[in-house]
Every structure is written in C-alpha cells, then in structure tokens.
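Asks: Sharing a structure here in structure tokens format.
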Amino acid sequence: MADLKVEVEPREVGLDADRLRRIDSHFARYVDDGRLPGWLAVVSRHGRVAHIAHSGHRDVEAGAPITSDTLYRIYSMTKPITSVAAMMLYEEGAFELKDKVKRYLPAFADTRVYKGGGAGSPQLEPQIDGMRIWHLFTHTSGLSYGFHHAHPVDALYRKHGFEWGSPRGLDTAGTIDAVARLPLVFQPGTSFNYSMSTDVLGRLVEVWSGMGFDDFLRTRIFEPLGMDETTFWVDGDDADRLAALYIPFGEGGRAVRWDEGGSAATRRPEFLSGGGGLVSSAGDYHRFMEMLRRRGELDGVRILGPRTVDYMTSNHLPGGVDLEAFGQSTWAETTFDGVGFGLGFSVLMDPAPYRTIGSAGTYGWGGAASTAFSIDPVEDLTLAFYTQLLPSSTYPIRTQLQQLVHQAIID
C-alpha cells in the first residue's frame with residue numbers, strides 16, 4: 001500500500017498552515033449539510049505532502065469514516081493513466097500520433113459521421129480524412145458518451161447500451177468494435193467532445209503491446225510505481241475499504257446511496273475501460289502524480305521521458321484555442337475559458353479568463369464521482385480531492401479546491 005502521510009510542516013515549503021485549514025472548514029460544510037458523504041484532500045509542494053484533510057464517511061450507512069487508505073472509484077482519472085500507457089508505447093515506436101486509427105482497429109474504417117436528422121433516422125456521411133491517434137488523446141475524434149444527452153448520436157449510444165456503462169457480454173475488443181459501429185458526432189479533428197476516445201486508446205494499448213490492458217497497466221505502471229491498490233475491481237477485505245457511491249437527491253441535493261451503480265466496482269468487468277474503469281487510493285494516485293510532477297520518473301523508476309511529459313501537458317487543440325472555443329462543456333461543473341487540452345490532460349493556458357487563481361501550465365483532470373487532481377509546474381504543487389458523489393458536475397469542487405490551495409502559497 002502506498003503510504004500517505006504529512007511529510008513536512010507547511011511553512012517549510014512556502015505554505016501557510018492556517019490558510020490551508022480553510023480547505024478543511026470549507027469542505028466540512030459539504031458534509032455537515034449532507035451534500036457530500038465524506039471527502040479527503042491532499043496538498044503537496046516540492047514533492048513533500050504538507051496537508052491532508054478529511055471529513056465525513058466512506059460509508060454513511062455503516063458509520064465507516066474516511067481514512068487515508070479508503071478506496072475510490074476514480075472514473076475519468078483513469079484517462080491520464082491510459083494516456084501515459086499509450087505514450088510509453090509511442091516512445092517505443094509502436095505508432096505515430098498521425099497514424100489513422102483504422103490501421104490498428106479496422107472496424108473504424110467504416111465508421112460514418114452524423115450529418116443531420118434525429119436519432120431514429122440520422123443522415124450519415126463518410127469520414128473525410130479519417131480518425132487519427134491524436135484525435136483520441138484530445139477528444140477530437142467525434143466519439144461521444146451516452147450520458148451527455150446533448151446530441152442525437154448520444155441517444156444512439158444509450159440505445160446500444162452505452163450510458164453509465166457498456167453492453168453486457170462484450171469484452172474490451174468487442175466493446176470497442178461496437179463503438180466503431182456508431183456514428184461520429186462530427187468529422188474528426190473539427191471539434192472537442194468529451195468521449196469514449198480514451199477507451200479506444202486502452203484497446204489500442206492491447207493491440208500495440210500484445211498484452212491484456214490490465215496486465216500492461218499492472219506490470220508497466222502500477223508495480224514499478226508501487227501502486228498496488230489500483231485495479232479494475234476490488235474484492236475480499238479490500239471491498240470493506242471501498243467507499244460507497246452516492247448521488248444528489250431533492251432540492252437540497254442531499255447525497256443518497258446508489259448501490260446499483262456502485263456495485264460494479266466489486267466484480268471483474270468484462271470491458272476494461274481505459275476511460276473510467278479504475279479504483280485507486282489517495283496514496284496510490286499520489287505516486288502517479290509525483291511521477292508526472294517529476295517529468296516521468298519516481299524513486300529511480302522512469303515511466304516516460306521528460307520531453308514526452310512536457311509534450312503531453314501542452315495544449316494540442318488546433319490553433320491553440322481553449323475548450324470553450326473548440327467544443328461543448330455541458331458535461332462539466334465549470335466553464336473552460338483559458339483552458340486547453342493536451343494528450344490526456346486539461347491544460348490551463350491563462351488563469352485570468354478561467355476566473356480561478358492558478359498558474360499557466362497547470363494540468364490535471366477529474367472523475368465522474370467528483371474526484372479531481374492537478375499539478376502546477378510553476379509552483380511545484382500538486383493537489384487532489386477524493387469523494388464519491390456522481391456526477392462531478394453537481395458542485396464546483398475542482399475550482400474551489402484550486403483557489404483554496406493557491407491562496408495558501410506565501411513564498
């Protein structure tokens with residue numbers, strides 16, 4: 001188990017302890033009024049953990065409190081891990097970012113593009129140039145999610161079993177082939193749409209490596225980094241440490257337990273989702289973040305080259321525009337003015353239009369159950385937040401956390 005503990009007094013790394021405690025009191029109110037079941041926050045600077053705070057319960061009904069070893073469904077915080085896995089293979093020459101997806105996954109050769117009409121009888125057209133690997137990293141592939149409820153293609157995803165899950169009876173290869181049979185929302189490369197793109201990358205990791213996706217992650221990332229609690233499901237004694245999943249209910253948004261959705265993490269999945277399938281602990285994910293902060297290396301183990309990490313955490317949207325100018329953000333709890341997207345991460349280009357204090361170059365992402373992380377290379381700062389409230393668009397947790405952490409920097 002990756003040990004997670006405070007390693008340094010905040011003032012030794014340029015942080016004010018009293019100001020950091022504003023994080024504690026602010027998010028404690030979310031628990032007090034029932035909006036969150038419980039939460040844990042971690043702040044680290046210069047590679048040393050300076051603040052850990054938590055409140056509430058991992059399982060309200062059982063009276064089990066949040067602890068440092070609580071396990072969480074990290075959902076889309078799986079995406080950066082999958083993107084790192086793919087770029088490890090890129091460094092080995094397995095593919096080029098400009099390669100067409102159909103070269104490795106022939107099912108995408110026949111994928112057509114939405115042109116008009118409703119979900120019942122959509123008008124479709126062929127791809128003009130073809131989906132490329134970089135489109136998958138940047139969510140400019142034209143793929144979608146069924147839970148968006150923003151486009152006729154989203155309805156087709158739901159009709160075919162893709163909403164908060166995938167069709168039963170299909171393994172990873174079969175699931176991605178099923179996605180390829182659905183139309184694209186737009187021509188690849190012409191817009192941003194948060195989607196199953198990273199799930200396709202997970203399948204490509206299998207194709208490029210000749211290994212099962214779970215085996216690749218375990219042997220190439222998790223074991224080398226000491227992340228022995230990051231898996232696609234938990235069972236046995238570990239299941240007791242898995243936080244229950246909650247959803248908001250009623251006018252006050254009080255969190256209510258949702259076992260129907262939460263139970264999926266306690267059994268081996270047929271489809272290994274590179275976009276949202278992992279369970280992890282705060283300690284494990286902190287080690288992954290530290291590897292990124294150190295530009296690809298941790299404790300003498302190098303996962304990626306430094307220039308590769310720099311490249312991944314640069315804005316890759318065409319023309320250098322932000323997400324607001326190049327797509328829709330109906331899936332998120334905040335707008336993305338001044339925020340671009342790299343190869344698996346959001347990238348803050350300018351904090352002024354983002355309207356949240358921070359540094360240009362900060363990168364990170366979040367998960368559907370309101371988890372979030374970011375890495376600020378300018379301040380040499382990492383922050384992470386863990387809870388289990390679905391969906392993440394319920395409360396502006398990531399921007400509130402960012403402002404509360406950055407106001408505590410005093411050097």
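Chain identifiers are assigned as A, B, and so on, following the order in which chains appear in the structure tokens; residues are numbered from 1 within each chain, and ligands are numbered from 1 in order of appearance.
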Taking 6 positions as the minimum chain separation for residues in the same chain, which residues sit within 9 Å of A:Gly262 when counting only C-alpha atoms? Answer as a ChimeraX atom specification.
Replies: /A:73,243-246
Asks: With only C-alpha atoms as the counted atoms, please give the residues lying no more than 10 Å from A:Asp322, apart from itself and same-chain residues fewer than 6 positions off, as a PyMOL selection string.
Replies: chain A and resi 192+315-316+336-341+346-350
Asks: Those residues with N, CA and C atoms, as a PDB file, in the first residue's frame please?
Replies:
ATOM      1  N   PHE A 192     -14.119  19.528 -30.184  1.00  0.00           N
ATOM      2  CA  PHE A 192     -13.843  18.753 -28.978  1.00  0.00           C
ATOM      3  C   PHE A 192     -15.154  18.204 -28.448  1.00  0.00           C
ATOM      4  N   ASN A 315      -1.031  22.338 -24.680  1.00  0.00           N
ATOM      5  CA  ASN A 315      -2.320  22.394 -25.357  1.00  0.00           C
ATOM      6  C   ASN A 315      -2.187  21.906 -26.789  1.00  0.00           C
ATOM      7  N   HIS A 316      -2.986  20.911 -27.173  1.00  0.00           N
ATOM      8  CA  HIS A 316      -2.936  20.350 -28.519  1.00  0.00           C
ATOM      9  C   HIS A 316      -4.161  20.691 -29.357  1.00  0.00           C
ATOM     10  N   PHE A 336     -14.616  26.484 -19.375  1.00  0.00           N
ATOM     11  CA  PHE A 336     -13.201  26.213 -19.624  1.00  0.00           C
ATOM     12  C   PHE A 336     -12.554  27.317 -20.453  1.00  0.00           C
ATOM     13  N   ASP A 337     -12.925  28.566 -20.189  1.00  0.00           N
ATOM     14  CA  ASP A 337     -12.232  29.700 -20.808  1.00  0.00           C
ATOM     15  C   ASP A 337     -10.789  29.701 -20.315  1.00  0.00           C
ATOM     16  N   GLY A 338      -9.861  29.788 -21.242  1.00  0.00           N
ATOM     17  CA  GLY A 338      -8.451  29.801 -20.872  1.00  0.00           C
ATOM     18  C   GLY A 338      -7.854  28.439 -20.623  1.00  0.00           C
ATOM     19  N   VAL A 339      -8.648  27.375 -20.840  1.00  0.00           N
ATOM     20  CA  VAL A 339      -8.177  26.013 -20.591  1.00  0.00           C
ATOM     21  C   VAL A 339      -8.160  25.217 -21.895  1.00  0.00           C
ATOM     22  N   GLY A 340      -7.023  24.675 -22.240  1.00  0.00           N
ATOM     23  CA  GLY A 340      -6.903  23.835 -23.422  1.00  0.00           C
ATOM     24  C   GLY A 340      -6.891  22.369 -23.036  1.00  0.00           C
ATOM     25  N   PHE A 341      -6.483  21.536 -23.981  1.00  0.00           N
ATOM     26  CA  PHE A 341      -6.403  20.103 -23.703  1.00  0.00           C
ATOM     27  C   PHE A 341      -5.182  19.527 -24.391  1.00  0.00           C
ATOM     28  N   SER A 346      -6.335  18.207 -19.132  1.00  0.00           N
ATOM     29  CA  SER A 346      -6.653  19.610 -19.362  1.00  0.00           C
ATOM     30  C   SER A 346      -5.401  20.424 -19.056  1.00  0.00           C
ATOM     31  N   VAL A 347      -5.252  21.564 -19.721  1.00  0.00           N
ATOM     32  CA  VAL A 347      -4.066  22.399 -19.550  1.00  0.00           C
ATOM     33  C   VAL A 347      -4.516  23.852 -19.389  1.00  0.00           C
ATOM     34  N   LEU A 348      -4.206  24.446 -18.246  1.00  0.00           N
ATOM     35  CA  LEU A 348      -4.549  25.843 -18.011  1.00  0.00           C
ATOM     36  C   LEU A 348      -3.574  26.736 -18.768  1.00  0.00           C
ATOM     37  N   MET A 349      -4.094  27.464 -19.747  1.00  0.00           N
ATOM     38  CA  MET A 349      -3.248  28.357 -20.534  1.00  0.00           C
ATOM     39  C   MET A 349      -3.187  29.747 -19.924  1.00  0.00           C
ATOM     40  N   ASP A 350      -4.317  30.214 -19.379  1.00  0.00           N
ATOM     41  CA  ASP A 350      -4.392  31.570 -18.840  1.00  0.00           C
ATOM     42  C   ASP A 350      -5.411  31.588 -17.710  1.00  0.00           C
TER      43      ASP A 350
END
Asks: Report the distance between atom CA of A:Ser370 and atom CA of A:Gly253 in Å, rounded to one decimal place.
Replies: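 Here the two named atoms are 14.2 Å from each other.
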Asks: From the DSSP assignment of the backbone, select every residue of stretch 4-146 of chain A that is alpha helix (DSSP H), and format the answer as number ranges by chain.
Replies: A: 17-32, 78-91, 133-138
Asks: Would you mind exporting N, CA and C atoms of the selected residues as an mmCIF file, in the first residue's frame?
Replies:
data_model
loop_
_atom_site.group_PDB
_atom_site.id
_atom_site.type_symbol
_atom_site.label_atom_id
_atom_site.label_comp_id
_atom_site.auth_asym_id
_atom_site.auth_seq_id
_atom_site.Cartn_x
_atom_site.Cartn_y
_atom_site.Cartn_z
ATOM 1 N N ALA A 17 -0.122 27.286 7.129
ATOM 2 C CA ALA A 17 -0.949 26.231 7.723
ATOM 3 C C ALA A 17 -2.358 26.709 8.036
ATOM 4 N N ASP A 18 -2.486 27.931 8.553
ATOM 5 C CA ASP A 18 -3.812 28.448 8.876
ATOM 6 C C ASP A 18 -4.655 28.616 7.608
ATOM 7 N N ARG A 19 -4.025 29.081 6.565
ATOM 8 C CA ARG A 19 -4.758 29.256 5.307
ATOM 9 C C ARG A 19 -5.141 27.909 4.703
ATOM 10 N N LEU A 20 -4.275 26.910 4.855
ATOM 11 C CA LEU A 20 -4.619 25.579 4.353
ATOM 12 C C LEU A 20 -5.834 25.006 5.073
ATOM 13 N N ARG A 21 -5.989 25.367 6.347
ATOM 14 C CA ARG A 21 -7.132 24.850 7.098
ATOM 15 C C ARG A 21 -8.459 25.412 6.592
ATOM 16 N N ARG A 22 -8.407 26.416 5.734
ATOM 17 C CA ARG A 22 -9.635 26.884 5.089
ATOM 18 C C ARG A 22 -10.229 25.801 4.189
ATOM 19 N N ILE A 23 -9.352 24.952 3.640
ATOM 20 C CA ILE A 23 -9.835 23.803 2.863
ATOM 21 C C ILE A 23 -10.715 22.933 3.750
ATOM 22 N N ASP A 24 -10.239 22.664 4.954
ATOM 23 C CA ASP A 24 -10.930 21.780 5.872
ATOM 24 C C ASP A 24 -12.318 22.319 6.223
ATOM 25 N N SER A 25 -12.372 23.590 6.629
ATOM 26 C CA SER A 25 -13.647 24.153 7.068
ATOM 27 C C SER A 25 -14.621 24.314 5.906
ATOM 28 N N HIS A 26 -14.089 24.654 4.731
ATOM 29 C CA HIS A 26 -14.965 24.843 3.572
ATOM 30 C C HIS A 26 -15.658 23.541 3.175
ATOM 31 N N PHE A 27 -14.886 22.482 3.018
ATOM 32 C CA PHE A 27 -15.481 21.232 2.556
ATOM 33 C C PHE A 27 -16.174 20.465 3.686
ATOM 34 N N ALA A 28 -15.843 20.782 4.934
ATOM 35 C CA ALA A 28 -16.588 20.178 6.040
ATOM 36 C C ALA A 28 -18.054 20.586 5.989
ATOM 37 N N ARG A 29 -18.319 21.782 5.487
ATOM 38 C CA ARG A 29 -19.710 22.227 5.368
ATOM 39 C C ARG A 29 -20.489 21.374 4.372
ATOM 40 N N TYR A 30 -19.801 20.853 3.354
ATOM 41 C CA TYR A 30 -20.454 19.955 2.398
ATOM 42 C C TYR A 30 -20.941 18.680 3.098
ATOM 43 N N VAL A 31 -20.187 18.239 4.082
ATOM 44 C CA VAL A 31 -20.583 17.051 4.840
ATOM 45 C C VAL A 31 -21.668 17.401 5.850
ATOM 46 N N ASP A 32 -21.502 18.531 6.514
ATOM 47 C CA ASP A 32 -22.448 18.929 7.552
ATOM 48 C C ASP A 32 -23.871 19.056 7.020
ATOM 49 N N THR A 78 -8.874 7.728 -14.551
ATOM 50 C CA THR A 78 -8.238 6.626 -15.280
ATOM 51 C C THR A 78 -7.624 7.130 -16.579
ATOM 52 N N LYS A 79 -8.218 8.138 -17.189
ATOM 53 C CA LYS A 79 -7.780 8.607 -18.514
ATOM 54 C C LYS A 79 -6.312 9.021 -18.560
ATOM 55 N N PRO A 80 -5.808 9.822 -17.612
ATOM 56 C CA PRO A 80 -4.380 10.140 -17.657
ATOM 57 C C PRO A 80 -3.488 8.906 -17.565
ATOM 58 N N ILE A 81 -3.905 7.897 -16.788
ATOM 59 C CA ILE A 81 -3.121 6.664 -16.681
ATOM 60 C C ILE A 81 -3.085 5.947 -18.026
ATOM 61 N N THR A 82 -4.246 5.839 -18.684
ATOM 62 C CA THR A 82 -4.300 5.203 -20.005
ATOM 63 C C THR A 82 -3.468 5.978 -21.015
ATOM 64 N N SER A 83 -3.526 7.296 -20.945
ATOM 65 C CA SER A 83 -2.756 8.126 -21.879
ATOM 66 C C SER A 83 -1.260 7.935 -21.669
ATOM 67 N N VAL A 84 -0.843 7.822 -20.416
ATOM 68 C CA VAL A 84 0.563 7.535 -20.129
ATOM 69 C C VAL A 84 0.950 6.169 -20.685
ATOM 70 N N ALA A 85 0.087 5.167 -20.502
ATOM 71 C CA ALA A 85 0.374 3.834 -21.031
ATOM 72 C C ALA A 85 0.578 3.881 -22.545
ATOM 73 N N ALA A 86 -0.313 4.588 -23.239
ATOM 74 C CA ALA A 86 -0.196 4.686 -24.695
ATOM 75 C C ALA A 86 1.088 5.398 -25.101
ATOM 76 N N MET A 87 1.438 6.466 -24.388
ATOM 77 C CA MET A 87 2.644 7.203 -24.755
ATOM 78 C C MET A 87 3.923 6.444 -24.410
ATOM 79 N N MET A 88 3.863 5.521 -23.474
ATOM 80 C CA MET A 88 5.005 4.632 -23.243
ATOM 81 C C MET A 88 5.272 3.811 -24.492
ATOM 82 N N LEU A 89 4.207 3.363 -25.132
ATOM 83 C CA LEU A 89 4.355 2.587 -26.366
ATOM 84 C C LEU A 89 4.744 3.481 -27.535
ATOM 85 N N TYR A 90 4.291 4.727 -27.509
ATOM 86 C CA TYR A 90 4.735 5.702 -28.507
ATOM 87 C C TYR A 90 6.252 5.862 -28.439
ATOM 88 N N GLU A 91 6.772 5.942 -27.213
ATOM 89 C CA GLU A 91 8.223 6.097 -27.044
ATOM 90 C C GLU A 91 8.990 4.885 -27.568
ATOM 91 N N ILE A 133 -4.762 8.931 -34.324
ATOM 92 C CA ILE A 133 -4.486 8.611 -32.933
ATOM 93 C C ILE A 133 -4.538 9.866 -32.058
ATOM 94 N N TRP A 134 -4.034 10.986 -32.535
ATOM 95 C CA TRP A 134 -4.031 12.182 -31.700
ATOM 96 C C TRP A 134 -5.434 12.677 -31.426
ATOM 97 N N HIS A 135 -6.371 12.349 -32.306
ATOM 98 C CA HIS A 135 -7.766 12.711 -32.050
ATOM 99 C C HIS A 135 -8.306 11.993 -30.812
ATOM 100 N N LEU A 136 -7.841 10.783 -30.573
ATOM 101 C CA LEU A 136 -8.288 10.039 -29.395
ATOM 102 C C LEU A 136 -7.745 10.667 -28.110
ATOM 103 N N PHE A 137 -6.476 11.027 -28.091
ATOM 104 C CA PHE A 137 -5.886 11.657 -26.915
ATOM 105 C C PHE A 137 -6.585 12.965 -26.556
ATOM 106 N N THR A 138 -7.000 13.721 -27.569
ATOM 107 C CA THR A 138 -7.520 15.074 -27.355
ATOM 108 C C THR A 138 -9.042 15.164 -27.379
#
Asks: Got a sec: who's within 8 Å of A:Gly130, counting only C-alpha atoms, leaving out chain neighbours fewer than 5 positions off, as a PyMOL selection string?
Replies: chain A and resi 100-101+109+187-188
Asks: Those same residues, written as a short mmCIF file (atom, residue, chain, number, x, y, z; two decimals), in the first residue's frame with C-alpha atoms?
Replies:
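Contents of the output file out.cif:
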data_model
loop_
_atom_site.label_atom_id
_atom_site.label_comp_id
_atom_site.auth_asym_id
_atom_site.auth_seq_id
_atom_site.Cartn_x
_atom_site.Cartn_y
_atom_site.Cartn_z
CA LYS A 100 -5.07 6.55 -38.69
CA VAL A 101 -6.97 4.53 -36.10
CA ALA A 109 -12.60 2.18 -41.37
CA GLN A 187 -15.68 14.93 -38.63
CA PRO A 188 -12.54 14.01 -36.64
#
Asks: Just checking: using only C-alpha atoms, which residue out of A:Val279, A:Val49, A:Ile74, A:Leu143 ends up closest to A:Ser191?
Replies: A:Leu143
Asks: Which residue is closest to A:Met196? Choose from A:Gly56, A:Gly142, A:Pro10, A:Pro167 and count only C-alpha atoms.
Replies: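 Checking each candidate against A:Met196, we get A:Gly142 as the closest.
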Asks: Got a sec to tell me which of stretch 57-240 of chain A DSSP assigns to strand (DSSP E), as a list in words?
Replies: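 Assigned to strand (DSSP E), within stretch 57-240 of chain A: His57, Arg58, Asp59, Ala64, Pro65, Leu71, Tyr72, Arg73, Val113, Tyr114, Lys115, Gly116, Gln123, Leu124 and Glu125 of chain A.
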Asks: Please provide the set of residues having any atom within 6 Å of A:Pro152, restricted to only C-alpha atoms, with same-chain residues fewer than 2 positions apart removed, written as a PyMOL selection string.
Replies: chain A and resi 118-119+154-155
